[in-house]
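Here is the structure we will look at, set down as structure tokens.
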Amino acid sequence: MSLLSIVQNVAAAINTTIPVSIIGSSNAGARQWLALANRAGKEVARRHDWTVLCTEGSFVSTATVEQSDALDDLEDFDHFVPDVVLWNQTESVPLVGPVPSNEWQTLINSGISGGTAGWWRRAGSGNIEITPEPTAGQTFVFEYVTNVWCNNAISNVDQAEWVTDADEARISEELIELHLTWRWLRAHGMDYAEELSTYEREVEKAAARDRGLRVLTLERRSGDRYSWPGTITP
């Protein structure tokens with residue numbers, strides 16, 4: 001389903017004029033459809049950490065605590081996945097983090113110089129800090145959520161907004177339609193409560209289906225970073 005078909009489906013459902021084109025049109029209605037469709041796509045994309053938008057990033061370390069532009073070099077970076085792990089691929093070990101500010105100050109002022117894989121945190125807009133500082137040339141990998149939620153029909157390049165009428169969404173086009181419906185109704189001063197409610201129900205169901213639940217175990221397993229060694233008493 002393309003941008004144009006999404007808009008045409010919504011227009012037909014709310015019984016308004018069905019546009020024949022969106023991108024490049026001088027028609028005020030088409031320009032509004034484009035603005036609302038971009039808003040719908042961006043907000044649906046950010047509503048949940050959709051599996052299709054999760055990808056892997058990496059950087060090669062310098063021999064400093066601050067790894068400058070480790071994230072800025074990723075033009076599509078939006079945010080880390082919730083359970084992000086910074087993995088030292090060179091040494092095949094995970095680092096502990098992201099570490100909150102108060103713990104970070106304790107670490108960097110405690111004189112730690114070795115004997116551990118290390119700790120990390122995000123610093124500034126696009127930097128990552130690692131302590132103890134790594135040696136230069138090590139590769140670190142992590143998972144993040146990208147901000148490119150649709151695909152260009154001509155270049156087949158993922159992008160963060162619609163560029164052609166034939167562009168297709170990488171996320172659920174049904175959710176974009178539902179979001180676009182209530183947004184258009186609101187923009188035109190019409191009642192949109194039922195449409196918003198429908199969208200909210202569907203996006204919650206889609207988010208629940210998108211990821212399975214991890215099996216919880218109380219047993220200590222080899223390789224676990226964290227475990228609970230206690231017992232449960234009735």
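Each chain of the structure tokens is named A, B, ... in the order shown, its residues numbered from 1; ligands are numbered from 1 in display order.
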Need the shell around range 125-141 of chain A: protein/DNA/RNA residues with any atom at most 10 Å away, counting only C-alpha atoms. Skip same-chain ones fewer than 5 positions apart. Format as a PyMOL selection string? chain A and resi 56-74+77+85-99+104+107-108+111-120
At a cut-off of 9 Å, using only C-alpha atoms, what residues contact range 177-186 of chain A? Leave out same-chain residues fewer than 2 positions from it and give the result as a PyMOL selection string. chain A and resi 6-7+9-11+13-14+32-33+36-37+39-41+43-44+172-175+188-196+198-200+202
Interatomic distance (Å, one decimal) between CA of Asp49 in chain A and CA of Val148 in chain A: 12.4 Å
Using DSSP on the backbone coordinates, identify all residues within range 33-152 of chain A classified as alpha helix (DSSP H); present the result as a ChimeraX atom specification. /A:33-47,101-108
Using N, CA and C atoms, can you write the selected residues to a file as a compact mmCIF listing (two decimals), in the first residue's frame?
```txt
# COMPACT_ATOMS: atom_id res chain seq x y z
N TRP A 33 -3.16 16.81 3.25
CA TRP A 33 -3.08 15.36 3.36
C TRP A 33 -1.63 14.92 3.58
N LEU A 34 -0.71 15.53 2.86
CA LEU A 34 0.71 15.17 3.00
C LEU A 34 1.22 15.50 4.39
N ALA A 35 0.90 16.68 4.88
CA ALA A 35 1.36 17.07 6.21
C ALA A 35 0.81 16.13 7.28
N LEU A 36 -0.47 15.81 7.17
CA LEU A 36 -1.10 14.93 8.15
C LEU A 36 -0.58 13.49 8.03
N ALA A 37 -0.31 13.04 6.80
CA ALA A 37 0.20 11.68 6.59
C ALA A 37 1.61 11.54 7.14
N ASN A 38 2.42 12.58 7.00
CA ASN A 38 3.76 12.55 7.60
C ASN A 38 3.68 12.54 9.12
N ARG A 39 2.76 13.33 9.66
CA ARG A 39 2.59 13.33 11.11
C ARG A 39 2.11 11.97 11.60
N ALA A 40 1.19 11.38 10.88
CA ALA A 40 0.67 10.06 11.26
C ALA A 40 1.77 9.01 11.25
N GLY A 41 2.57 9.00 10.18
CA GLY A 41 3.65 8.02 10.09
C GLY A 41 4.66 8.16 11.21
N LYS A 42 5.05 9.40 11.51
CA LYS A 42 6.05 9.63 12.55
C LYS A 42 5.52 9.24 13.92
N GLU A 43 4.26 9.56 14.19
CA GLU A 43 3.73 9.27 15.52
C GLU A 43 3.45 7.79 15.71
N VAL A 44 3.00 7.11 14.67
CA VAL A 44 2.83 5.66 14.78
C VAL A 44 4.19 5.00 14.98
N ALA A 45 5.20 5.46 14.27
CA ALA A 45 6.54 4.89 14.40
C ALA A 45 7.08 5.04 15.82
N ARG A 46 6.77 6.15 16.47
CA ARG A 46 7.31 6.40 17.81
C ARG A 46 6.42 5.86 18.92
N ARG A 47 5.26 5.38 18.55
CA ARG A 47 4.34 4.88 19.57
C ARG A 47 4.86 3.60 20.24
N SER A 101 23.83 9.01 36.12
CA SER A 101 24.85 10.02 36.41
C SER A 101 25.52 9.84 37.77
N ASN A 102 24.73 9.55 38.81
CA ASN A 102 25.34 9.44 40.14
C ASN A 102 26.30 8.26 40.22
N GLU A 103 25.96 7.15 39.59
CA GLU A 103 26.87 6.00 39.58
C GLU A 103 28.10 6.28 38.72
N TRP A 104 27.88 7.02 37.65
CA TRP A 104 29.00 7.33 36.76
C TRP A 104 30.07 8.13 37.49
N GLN A 105 29.65 9.10 38.27
CA GLN A 105 30.61 9.92 39.01
C GLN A 105 31.39 9.06 40.01
N THR A 106 30.73 8.09 40.61
CA THR A 106 31.43 7.19 41.52
C THR A 106 32.47 6.37 40.78
N LEU A 107 32.12 5.89 39.61
CA LEU A 107 33.03 5.06 38.83
C LEU A 107 34.27 5.82 38.38
N ILE A 108 34.06 7.01 37.82
CA ILE A 108 35.20 7.74 37.25
C ILE A 108 36.08 8.38 38.31
```
CA of Ala153 in chain A to CA of Ala12 in chain A: how many Å, to one decimal?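 These atoms are spaced 23.6 Å apart.
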